[in-house]
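As stored in input_4.txt (compact mmCIF, C-alpha atoms):
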# COMPACT_ATOMS: atom_id res chain seq x y z
CA MET E 75 32.17 23.13 6.46
CA SER E 76 28.71 22.05 5.54
CA SER E 77 26.07 20.99 8.03
CA ARG E 78 23.81 19.54 5.35
CA ILE E 79 22.95 15.89 5.55
CA ASN E 80 24.62 13.95 2.77
CA TRP E 81 21.62 12.07 1.34
CA PHE E 82 23.80 10.30 -1.20
CA LYS E 83 25.36 8.48 1.71
CA TYR E 84 22.24 6.32 1.78
CA ALA E 85 22.21 5.65 -1.95
CA SER E 86 24.13 2.39 -1.58
CA PRO E 87 22.42 -0.81 -0.38
CA GLN E 88 25.07 -1.29 2.31
CA THR E 89 24.44 2.06 4.03
CA PHE E 90 20.70 1.97 3.43
CA TYR E 91 20.27 -1.49 4.97
CA PRO E 92 20.52 -0.37 8.64
CA LEU E 93 18.55 2.83 7.93
CA ALA E 94 15.75 0.72 6.41
CA ARG E 95 15.50 -1.17 9.70
CA THR E 96 15.06 2.06 11.66
CA LEU E 97 12.48 3.32 9.15
CA ALA E 98 10.57 0.01 9.21
CA GLY E 99 10.36 0.07 13.00
CA GLY E 100 9.44 3.73 13.30
CA PHE E 101 6.81 3.79 10.58
CA GLY E 102 5.45 0.41 11.68
CA LEU E 103 4.83 1.85 15.13
CA LEU E 104 3.26 5.01 13.69
CA ALA E 105 1.02 2.91 11.45
CA ALA E 106 -0.24 0.91 14.43
CA VAL E 107 -1.01 4.06 16.45
CA PHE E 108 -2.79 5.78 13.54
CA CYS E 109 -4.72 2.59 12.79
CA VAL E 110 -6.06 2.33 16.36
CA VAL E 111 -7.06 6.04 16.43
CA GLY E 112 -8.50 5.87 12.90
CA LEU E 113 -10.58 2.75 13.59
CA TYR E 114 -11.85 4.26 16.85
CA ILE E 115 -13.09 7.33 14.96
CA ALA E 116 -14.44 5.14 12.13
CA PHE E 117 -16.62 3.04 14.41
CA PHE E 118 -17.24 5.05 17.58
CA VAL E 119 -17.07 8.75 16.66
CA ALA E 120 -18.25 9.13 13.07
CA PRO E 121 -22.05 9.33 12.82
CA THR E 122 -24.33 7.12 10.73
CA ASP E 123 -24.70 8.31 7.15
CA GLN E 124 -28.18 9.59 6.34
CA GLN E 125 -28.37 7.94 2.93
CA GLN E 126 -26.25 4.82 3.27
CA GLY E 127 -26.68 3.90 6.94
CA GLU E 128 -23.74 1.98 8.35
CA ALA E 129 -22.63 0.61 4.96
CA TYR E 130 -20.70 3.83 4.35
CA ARG E 131 -18.18 2.83 7.07
CA ILE E 132 -16.34 0.90 4.37
CA ILE E 133 -15.11 4.34 3.23
CA PHE E 134 -12.51 4.39 6.02
CA ILE E 135 -10.50 1.64 4.34
CA HIS E 136 -11.76 1.86 0.75
CA VAL E 137 -10.66 5.42 0.01
CA PRO E 138 -7.27 5.22 1.81
CA ALA E 139 -6.53 1.89 0.06
CA ALA E 140 -7.45 3.38 -3.33
CA TRP E 141 -5.25 6.43 -2.69
CA MET E 142 -2.34 4.20 -1.66
CA SER E 143 -2.80 1.95 -4.71
CA MET E 144 -2.19 4.97 -6.97
CA PHE E 145 0.40 6.71 -4.79
CA ILE E 146 2.56 3.58 -4.38
CA TYR E 147 2.48 3.09 -8.14
CA LEU E 148 3.80 6.63 -8.66
CA VAL E 149 6.57 6.13 -6.10
CA MET E 150 7.41 2.74 -7.64
CA ALA E 151 7.57 4.26 -11.13
CA PHE E 152 9.68 7.13 -9.77
CA TRP E 153 12.31 4.76 -8.35
CA ALA E 154 12.14 2.57 -11.46
CA GLY E 155 12.76 5.65 -13.61
CA ILE E 156 15.68 6.81 -11.42
CA GLY E 157 17.16 3.32 -11.68
CA LEU E 158 16.75 3.32 -15.45
CA ALA E 159 18.29 6.78 -15.85
CA PHE E 160 21.18 6.57 -13.39
CA ASN E 161 21.67 2.79 -13.15
CA THR E 162 21.61 2.95 -9.35
CA ARG E 163 21.20 -0.43 -7.68
CA LEU E 164 19.06 0.65 -4.74
CA SER E 165 16.44 2.35 -6.95
CA GLY E 166 15.50 -0.89 -8.65
CA MET E 167 15.34 -2.63 -5.29
CA MET E 168 12.98 0.07 -3.98
CA ALA E 169 10.68 -0.37 -6.99
CA SER E 170 10.60 -4.14 -6.46
CA ALA E 171 9.97 -3.69 -2.74
CA LEU E 172 6.95 -1.42 -3.33
CA ALA E 173 5.15 -3.52 -5.96
CA PRO E 174 3.61 -6.25 -3.72
CA THR E 175 2.30 -3.68 -1.21
CA GLY E 176 0.86 -1.63 -4.08
CA ALA E 177 -0.88 -4.71 -5.44
CA LEU E 178 -2.19 -5.46 -1.95
CA PHE E 179 -3.83 -2.04 -1.59
CA THR E 180 -5.19 -2.20 -5.13
CA PHE E 181 -6.85 -5.50 -4.31
CA ILE E 182 -8.21 -4.11 -1.01
CA ALA E 183 -9.63 -1.08 -2.87
CA LEU E 184 -11.36 -3.34 -5.41
CA TRP E 185 -12.60 -5.82 -2.80
CA THR E 186 -14.01 -3.21 -0.41
CA GLY E 187 -15.45 -1.32 -3.38
CA SER E 188 -17.26 -4.44 -4.48
CA LEU E 189 -18.67 -5.01 -0.98
CA TRP E 190 -19.74 -1.37 -0.90
CA GLY E 191 -21.25 -1.45 -4.37
CA LYS E 192 -23.57 -4.36 -3.66
CA PRO E 193 -25.70 -2.66 -0.97
CA THR E 194 -25.55 0.84 -2.49
CA TRP E 195 -25.57 0.26 -6.26
CA GLY E 196 -27.14 -3.22 -6.25
CA THR E 197 -24.17 -4.82 -8.00
CA TRP E 198 -20.78 -6.25 -7.01
CA TRP E 199 -19.11 -5.03 -10.17
CA VAL E 200 -19.74 -2.80 -13.15
CA TRP E 201 -17.43 -2.06 -16.07
CA ASP E 202 -17.34 1.68 -15.54
CA ALA E 203 -14.22 3.76 -16.12
CA ARG E 204 -13.15 4.06 -12.47
CA LEU E 205 -13.48 0.36 -11.65
CA THR E 206 -11.98 -0.82 -14.93
CA SER E 207 -8.94 1.47 -14.72
CA GLU E 208 -8.35 0.38 -11.10
CA LEU E 209 -8.50 -3.27 -12.23
CA ILE E 210 -5.94 -2.44 -14.93
CA LEU E 211 -3.75 -1.01 -12.15
CA LEU E 212 -3.89 -4.39 -10.38
CA PHE E 213 -2.85 -6.11 -13.62
CA LEU E 214 0.01 -3.60 -14.03
CA TYR E 215 1.31 -4.54 -10.59
CA PHE E 216 0.95 -8.25 -11.39
CA GLY E 217 2.64 -7.71 -14.75
CA PHE E 218 5.54 -5.89 -13.08
CA LEU E 219 5.98 -8.68 -10.52
CA ALA E 220 5.66 -11.47 -13.11
CA LEU E 221 8.08 -9.80 -15.51
CA GLN E 222 10.69 -9.33 -12.78
CA ALA E 223 10.22 -12.90 -11.57
CA ALA E 224 10.71 -14.22 -15.11
CA ILE E 225 14.15 -12.63 -15.58
CA ASP E 226 17.06 -14.19 -13.71
CA ASP E 227 19.52 -11.31 -13.86
CA PRO E 228 18.23 -8.78 -11.29
CA ARG E 229 19.68 -5.74 -13.09
CA ARG E 230 17.98 -6.76 -16.35
CA ALA E 231 14.78 -7.51 -14.42
CA ASP E 232 14.98 -3.98 -12.95
CA ARG E 233 15.29 -2.38 -16.38
CA ALA E 234 12.48 -4.42 -17.95
CA GLY E 235 10.23 -3.75 -14.95
CA ALA E 236 11.08 -0.05 -15.07
CA VAL E 237 9.94 0.26 -18.68
CA LEU E 238 6.66 -1.47 -17.85
CA ALA E 239 6.16 0.67 -14.72
CA LEU E 240 6.83 3.92 -16.60
CA VAL E 241 4.50 3.07 -19.48
CA GLY E 242 1.81 2.14 -16.95
CA VAL E 243 1.99 5.56 -15.26
CA VAL E 244 -0.43 6.83 -17.91
CA ASN E 245 -3.12 4.79 -16.13
CA ILE E 246 -2.86 6.80 -12.89
CA PRO E 247 -4.39 10.08 -14.17
CA ILE E 248 -6.97 7.98 -16.00
CA ILE E 249 -8.04 6.41 -12.67
CA TYR E 250 -7.96 9.72 -10.82
CA PHE E 251 -9.92 11.76 -13.38
CA SER E 252 -12.14 8.92 -14.65
CA VAL E 253 -15.08 10.12 -12.57
CA LYS E 254 -14.81 13.54 -14.23
CA TRP E 255 -14.02 12.48 -17.78
CA TRP E 256 -16.69 9.81 -18.08
CA ASN E 257 -20.16 9.34 -16.75
CA THR E 258 -19.43 6.69 -14.14
CA LEU E 259 -21.56 4.81 -11.65
CA HIS E 260 -18.73 5.47 -9.20
CA GLN E 261 -19.32 8.76 -7.42
CA GLY E 262 -17.10 11.79 -7.91
CA ALA E 263 -14.43 12.77 -5.42
CA SER E 264 -15.66 13.77 -1.94
CA VAL E 265 -12.20 15.09 -1.20
CA SER E 266 -10.13 17.13 -3.62
CA LEU E 267 -6.88 19.04 -3.46
CA THR E 268 -8.61 22.31 -4.33
CA GLY E 269 -11.92 22.40 -2.44
CA ALA E 270 -13.34 21.68 0.98
CA PRO E 271 -14.39 18.05 1.57
CA THR E 272 -18.12 17.41 1.11
CA MET E 273 -18.51 15.22 4.17
CA ALA E 274 -18.88 15.43 7.94
CA ALA E 275 -15.72 16.56 9.74
CA THR E 276 -15.41 13.41 11.85
CA MET E 277 -15.88 11.17 8.79
CA PHE E 278 -13.19 13.15 6.99
CA ALA E 279 -10.85 12.97 10.01
CA GLY E 280 -11.25 9.19 10.28
CA MET E 281 -10.54 8.76 6.59
CA ILE E 282 -7.43 10.95 6.63
CA ILE E 283 -6.05 9.22 9.73
CA MET E 284 -6.61 5.80 8.12
CA ALA E 285 -4.88 7.10 4.99
CA PHE E 286 -1.85 8.03 7.12
CA ALA E 287 -1.99 4.60 8.79
CA PHE E 288 -1.91 2.88 5.37
CA TRP E 289 0.81 5.22 4.17
CA PHE E 290 3.04 4.53 7.18
CA TYR E 291 2.31 0.81 6.88
CA SER E 292 3.35 0.90 3.21
CA ILE E 293 6.65 2.52 4.12
CA ALA E 294 7.27 -0.03 6.89
CA SER E 295 6.47 -3.07 4.73
CA ALA E 296 8.49 -1.72 1.77
CA MET E 297 11.46 -1.19 4.11
CA MET E 298 11.15 -4.74 5.47
CA ARG E 299 11.01 -6.07 1.92
CA VAL E 300 13.89 -3.96 0.62
CA ARG E 301 16.06 -5.37 3.43
CA CYS E 302 15.25 -8.88 2.18
CA ILE E 303 16.00 -7.87 -1.41
CA ILE E 304 19.30 -6.23 -0.39
CA LEU E 305 20.43 -9.38 1.43
CA GLU E 306 19.41 -11.61 -1.49
CA ARG E 307 21.14 -9.54 -4.14
CA GLU E 308 24.26 -8.62 -2.16
CA ARG E 309 24.70 -12.03 -0.53
CA ASN E 310 28.12 -12.53 -2.11
CA SER E 311 29.49 -9.20 -0.95
CA ASP E 312 31.91 -8.75 1.91
CA TRP E 313 29.66 -6.48 3.94
CA VAL E 314 26.80 -8.99 4.00
CA ALA E 315 29.18 -11.77 5.11
CA GLU E 316 30.53 -9.44 7.78
CA HIS E 317 27.03 -8.38 8.84
CA LEU E 318 25.81 -11.98 9.11
CA GLY E 319 29.02 -13.01 10.88
CA SER E 320 28.51 -10.33 13.52
CA ARG E 321 24.97 -11.63 14.14
CA ALA E 322 26.08 -15.24 14.62
CA MET S 136 -21.54 7.25 17.77
CA ASN S 137 -23.42 5.35 20.48
CA TRP S 138 -24.29 1.82 19.40
CA GLY S 139 -26.27 0.94 22.56
CA SER S 140 -25.07 -2.67 22.59
CA TRP S 141 -22.35 -4.86 21.13
CA SER S 142 -24.89 -6.82 19.11
CA ASN S 143 -26.01 -3.58 17.47
CA PHE S 144 -22.39 -2.80 16.78
CA PHE S 145 -21.74 -6.15 15.12
CA ALA S 146 -24.99 -5.96 13.15
CA MET S 147 -23.86 -2.67 11.50
CA GLY S 148 -27.44 -1.67 10.81
CA GLY S 149 -27.95 -4.75 8.64
CA TYR S 150 -24.77 -4.24 6.63
CA ALA S 151 -22.59 -6.60 8.71
CA LEU S 152 -21.60 -8.80 5.76
CA TYR S 153 -20.41 -5.84 3.70
CA VAL S 154 -18.70 -3.83 6.44
CA TRP S 155 -17.04 -6.73 8.27
CA GLY S 156 -16.33 -8.51 4.98
CA SER S 157 -14.35 -5.45 3.92
CA TYR S 158 -12.48 -4.97 7.19
CA ALA S 159 -11.76 -8.68 7.75
CA VAL S 160 -10.26 -9.24 4.30
CA ALA S 161 -8.21 -6.02 4.46
CA ALA S 162 -6.86 -6.88 7.93
CA GLY S 163 -6.26 -10.51 6.95
CA LEU S 164 -4.27 -9.61 3.85
CA ILE S 165 -2.13 -7.11 5.76
CA VAL S 166 -1.38 -9.76 8.41
CA VAL S 167 -0.51 -12.25 5.64
CA GLU S 168 1.89 -9.73 4.08
CA ILE S 169 3.66 -9.18 7.42
CA VAL S 170 3.93 -12.94 8.05
CA LEU S 171 5.32 -13.53 4.54
CA LEU S 172 7.90 -10.77 5.07
CA VAL S 173 9.04 -12.25 8.38
CA LEU S 174 9.24 -15.76 6.84
CA ARG S 175 11.16 -14.42 3.84
CA ARG S 176 13.71 -12.76 6.10
CA ARG S 177 14.09 -15.90 8.23
CA GLY S 178 14.55 -18.02 5.11
CA ILE S 179 17.26 -15.73 3.78
CA LEU S 180 19.12 -15.66 7.10
CA GLU S 181 18.94 -19.46 7.33
CA ARG S 182 20.26 -19.92 3.81
CA LEU S 183 23.04 -17.41 4.28
CA GLY S 184 24.06 -18.86 7.60
CA GLY S 185 23.15 -15.99 9.89
CA LYS S 186 21.13 -16.36 13.04
CA GLY S 187 17.81 -14.81 14.10

Before anything else, please render the file you have as structure tokens.
Amino acid sequence: MSSRINWFKYASPQTFYPLARTLAGGFGLLAAVFCVVGLYIAFFVAPTDQQQGEAYRIIFIHVPAAWMSMFIYLVMAFWAGIGLAFNTRLSGMMASALAPTGALFTFIALWTGSLWGKPTWGTWWVWDARLTSELILLFLYFGFLALQAAIDDPRRADRAGAVLALVGVVNIPIIYFSVKWWNTLHQGASVSLTGAPTMAATMFAGMIIMAFAFWFYSIASAMMRVRCIILERERNSDWVAEHLGSRA
Amino acid sequence: MNWGSWSNFFAMGGYALYVWGSYAVAAGLIVVEIVLLVLRRRGILERLGGKG
């Protein structure tokens, strides 16, 4: 007798499909709540920055979006690697489901960074290590999506995408440590895993809550997308026919 | 943070273009992603003969 949850139960698309719906709903709701609280703190609690005035308020979406752009890539590469190693169907679907949301947050990080750079640095863009490596991350996401779209057989597309995703992982530490390794116009980290944040407590709280909002949103959107991918790829299976029949 | 008035709030201390430009594009893209996901699901269900 074992009371442990059998996680492998959810390793097949058929059993994961209904769980993904629950996860999408739950995390979608959490994302909305955290977003409302986070934005309230961002605009009505956090004080004006002494040096940057109100322009600094971009931080509440810029930093969380940049974190998510890197984190989603790592999760995507993780699932791609699992799929490559164990040839599990759902892993490749998870990687494909995460890529568009990762690209979205990468673009948001670059866009908000540009709009923050103009008033504070005097330029929309500069080819420094942090900005360039983040742009490369966007191209890695686009490359992954384009490569998968170009291959008709989904299992082959998964394997090709997985190789690209795993090779691209090398870019993540480059982005993260770029502000330490090179002399960049982009500032160093205000928040690190090892030290206390060098910012006001309410600013930090708003940023962390927005990071959770983006994280929960990423889970919800990836779950919605993986449900689409499961239906598309398993459309000829009995369980999908049965599932659709029961809805009709 | 007390803004005093809504016009002060929207002015963002002179940085309205940058702050609202950031938030509007981020919110817009997230809404677009959600709409595309809903449309994708509807399209699949229509093609496969399910309802809703």

Sphere at (-26.1, -2.4, 8.6), radius 10 Å, counting only C-alpha atoms: residues as JSON, numbers by chain: {"E": [122, 126, 127, 128, 129, 130, 131, 193], "S": [143, 144, 145, 146, 147, 148, 149, 150, 151, 152, 153, 154]}

I need the chosen residues saved as a CSV table (one decimal), in the coordinates of the input, with C-alpha atoms.
chain,number,residue,atom,x,y,z
E,122,THR,CA,-24.3,7.1,10.7
E,126,GLN,CA,-26.2,4.8,3.3
E,127,GLY,CA,-26.7,3.9,6.9
E,128,GLU,CA,-23.7,2.0,8.4
E,129,ALA,CA,-22.6,0.6,5.0
E,130,TYR,CA,-20.7,3.8,4.4
E,131,ARG,CA,-18.2,2.8,7.1
E,193,PRO,CA,-25.7,-2.7,-1.0
S,143,ASN,CA,-26.0,-3.6,17.5
S,144,PHE,CA,-22.4,-2.8,16.8
S,145,PHE,CA,-21.7,-6.2,15.1
S,146,ALA,CA,-25.0,-6.0,13.2
S,147,MET,CA,-23.9,-2.7,11.5
S,148,GLY,CA,-27.4,-1.7,10.8
S,149,GLY,CA,-28.0,-4.8,8.6
S,150,TYR,CA,-24.8,-4.2,6.6
S,151,ALA,CA,-22.6,-6.6,8.7
S,152,LEU,CA,-21.6,-8.8,5.8
S,153,TYR,CA,-20.4,-5.8,3.7
S,154,VAL,CA,-18.7,-3.8,6.4

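With all atoms listed in the file as the basis for measurement, E:Ile293 is the residue among E:Arg204, E:Phe82, E:Ile293, E:Asp226 that approaches Thr96 in chain E most closely.
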
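Among the candidates E:Asn310, E:Ser170, E:Thr206, E:Thr186, the residue lying nearest to Gly157 in chain E is E:Ser170 (atoms considered: all atoms listed in the file).
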
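Nearest residue to chain E, choosing from S:Val166, S:Ile179, S:Ala159, S:Trp141 and counting only C-alpha atoms: S:Ile179.
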
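Residues from chain S found within 8 Å of chain E are Met136, Asn137, Trp138, Met147, Gly148, Gly149, Tyr150, Tyr153, Val154, Gly156, Ser157, Tyr158, Val160, Ala161, Leu164, Ile165, Ile169, Leu172, Arg175, Arg176, Ile179, Leu180, Leu183, Gly184, Gly185, Lys186 and Gly187 of chain S, counting all atoms listed in the file.
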
Could those residues be written to a file, using C-alpha atoms, as a JSON list (two decimals), in the coordinates of the input?
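Below you can see again-v1.json, which holds the result:
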[["chain", "number", "residue", "atom", "x", "y", "z"],
["S", 136, "MET", "CA", -21.54, 7.25, 17.77],
["S", 137, "ASN", "CA", -23.42, 5.35, 20.48],
["S", 138, "TRP", "CA", -24.29, 1.82, 19.40],
["S", 147, "MET", "CA", -23.86, -2.67, 11.50],
["S", 148, "GLY", "CA", -27.44, -1.67, 10.81],
["S", 149, "GLY", "CA", -27.95, -4.75, 8.64],
["S", 150, "TYR", "CA", -24.77, -4.24, 6.63],
["S", 153, "TYR", "CA", -20.41, -5.84, 3.70],
["S", 154, "VAL", "CA", -18.70, -3.83, 6.44],
["S", 156, "GLY", "CA", -16.33, -8.51, 4.98],
["S", 157, "SER", "CA", -14.35, -5.45, 3.92],
["S", 158, "TYR", "CA", -12.48, -4.97, 7.19],
["S", 160, "VAL", "CA", -10.26, -9.24, 4.30],
["S", 161, "ALA", "CA", -8.21, -6.02, 4.46],
["S", 164, "LEU", "CA", -4.27, -9.61, 3.85],
["S", 165, "ILE", "CA", -2.13, -7.11, 5.76],
["S", 169, "ILE", "CA", 3.66, -9.18, 7.42],
["S", 172, "LEU", "CA", 7.90, -10.77, 5.07],
["S", 175, "ARG", "CA", 11.16, -14.42, 3.84],
["S", 176, "ARG", "CA", 13.71, -12.76, 6.10],
["S", 179, "ILE", "CA", 17.26, -15.73, 3.78],
["S", 180, "LEU", "CA", 19.12, -15.66, 7.10],
["S", 183, "LEU", "CA", 23.04, -17.41, 4.28],
["S", 184, "GLY", "CA", 24.06, -18.86, 7.60],
["S", 185, "GLY", "CA", 23.15, -15.99, 9.89],
["S", 186, "LYS", "CA", 21.13, -16.36, 13.04],
["S", 187, "GLY", "CA", 17.81, -14.81, 14.10]]

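Pairwise distance (CA of Val149 in chain E, CA of Val243 in chain E) equals 10.3 Å.
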
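In this structure, CA of Trp81 in chain E sits 14.9 Å away from CA of Leu97 in chain E.
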
Model the absent atoms of range 149-179 of chain S so that N, CA and C atoms are present, and write the result as a short mmCIF file (atom, residue, chain, number, x, y, z; two decimals), keeping the file's coordinate frame.
data_model
loop_
_atom_site.label_atom_id
_atom_site.label_comp_id
_atom_site.auth_asym_id
_atom_site.auth_seq_id
_atom_site.Cartn_x
_atom_site.Cartn_y
_atom_site.Cartn_z
N GLY S 149 -27.55 -3.83 9.71
CA GLY S 149 -27.95 -4.75 8.64
C GLY S 149 -26.91 -4.93 7.55
N TYR S 150 -25.82 -4.17 7.66
CA TYR S 150 -24.77 -4.24 6.63
C TYR S 150 -23.54 -5.02 7.11
N ALA S 151 -23.73 -5.90 8.08
CA ALA S 151 -22.59 -6.60 8.71
C ALA S 151 -21.73 -7.31 7.67
N LEU S 152 -22.36 -8.04 6.76
CA LEU S 152 -21.60 -8.80 5.76
C LEU S 152 -20.67 -7.90 4.97
N TYR S 153 -21.19 -6.73 4.56
CA TYR S 153 -20.41 -5.84 3.70
C TYR S 153 -19.32 -5.12 4.47
N VAL S 154 -19.69 -4.58 5.65
CA VAL S 154 -18.70 -3.83 6.44
C VAL S 154 -17.62 -4.76 6.98
N TRP S 155 -18.05 -5.84 7.66
CA TRP S 155 -17.04 -6.73 8.27
C TRP S 155 -16.32 -7.54 7.20
N GLY S 156 -17.00 -7.83 6.10
CA GLY S 156 -16.33 -8.51 4.98
C GLY S 156 -15.19 -7.67 4.43
N SER S 157 -15.39 -6.35 4.39
CA SER S 157 -14.35 -5.45 3.92
C SER S 157 -13.19 -5.40 4.90
N TYR S 158 -13.53 -5.15 6.19
CA TYR S 158 -12.48 -4.97 7.19
C TYR S 158 -11.72 -6.27 7.45
N ALA S 159 -12.43 -7.40 7.45
CA ALA S 159 -11.76 -8.68 7.75
C ALA S 159 -10.76 -9.03 6.65
N VAL S 160 -11.17 -8.88 5.40
CA VAL S 160 -10.26 -9.24 4.30
C VAL S 160 -9.07 -8.29 4.26
N ALA S 161 -9.31 -6.99 4.47
CA ALA S 161 -8.21 -6.02 4.46
C ALA S 161 -7.21 -6.35 5.58
N ALA S 162 -7.74 -6.57 6.80
CA ALA S 162 -6.86 -6.88 7.93
C ALA S 162 -6.14 -8.20 7.70
N GLY S 163 -6.86 -9.20 7.20
CA GLY S 163 -6.26 -10.51 6.95
C GLY S 163 -5.12 -10.44 5.97
N LEU S 164 -5.31 -9.71 4.87
CA LEU S 164 -4.27 -9.61 3.85
C LEU S 164 -3.04 -8.88 4.38
N ILE S 165 -3.27 -7.85 5.21
CA ILE S 165 -2.13 -7.11 5.76
C ILE S 165 -1.35 -8.02 6.71
N VAL S 166 -2.06 -8.82 7.51
CA VAL S 166 -1.38 -9.76 8.41
C VAL S 166 -0.59 -10.78 7.59
N VAL S 167 -1.20 -11.28 6.50
CA VAL S 167 -0.51 -12.25 5.64
C VAL S 167 0.77 -11.64 5.07
N GLU S 168 0.69 -10.36 4.65
CA GLU S 168 1.89 -9.73 4.08
C GLU S 168 3.01 -9.66 5.13
N ILE S 169 2.65 -9.28 6.36
CA ILE S 169 3.66 -9.18 7.42
C ILE S 169 4.28 -10.55 7.70
N VAL S 170 3.43 -11.59 7.79
CA VAL S 170 3.93 -12.94 8.05
C VAL S 170 4.87 -13.39 6.93
N LEU S 171 4.47 -13.14 5.66
CA LEU S 171 5.32 -13.53 4.54
C LEU S 171 6.67 -12.81 4.58
N LEU S 172 6.64 -11.53 4.99
CA LEU S 172 7.90 -10.77 5.07
C LEU S 172 8.82 -11.34 6.15
N VAL S 173 8.23 -11.69 7.29
CA VAL S 173 9.04 -12.25 8.38
C VAL S 173 9.62 -13.60 7.95
N LEU S 174 8.77 -14.44 7.29
CA LEU S 174 9.24 -15.76 6.84
C LEU S 174 10.33 -15.61 5.79
N ARG S 175 10.16 -14.63 4.89
CA ARG S 175 11.16 -14.42 3.84
C ARG S 175 12.50 -14.05 4.45
N ARG S 176 12.47 -13.17 5.44
CA ARG S 176 13.71 -12.76 6.10
C ARG S 176 14.37 -13.94 6.81
N ARG S 177 13.55 -14.73 7.54
CA ARG S 177 14.09 -15.90 8.23
C ARG S 177 14.72 -16.87 7.25
N GLY S 178 14.04 -17.10 6.12
CA GLY S 178 14.55 -18.02 5.11
C GLY S 178 15.90 -17.57 4.57
N ILE S 179 16.00 -16.27 4.31
CA ILE S 179 17.26 -15.73 3.78
C ILE S 179 18.38 -15.92 4.80
#
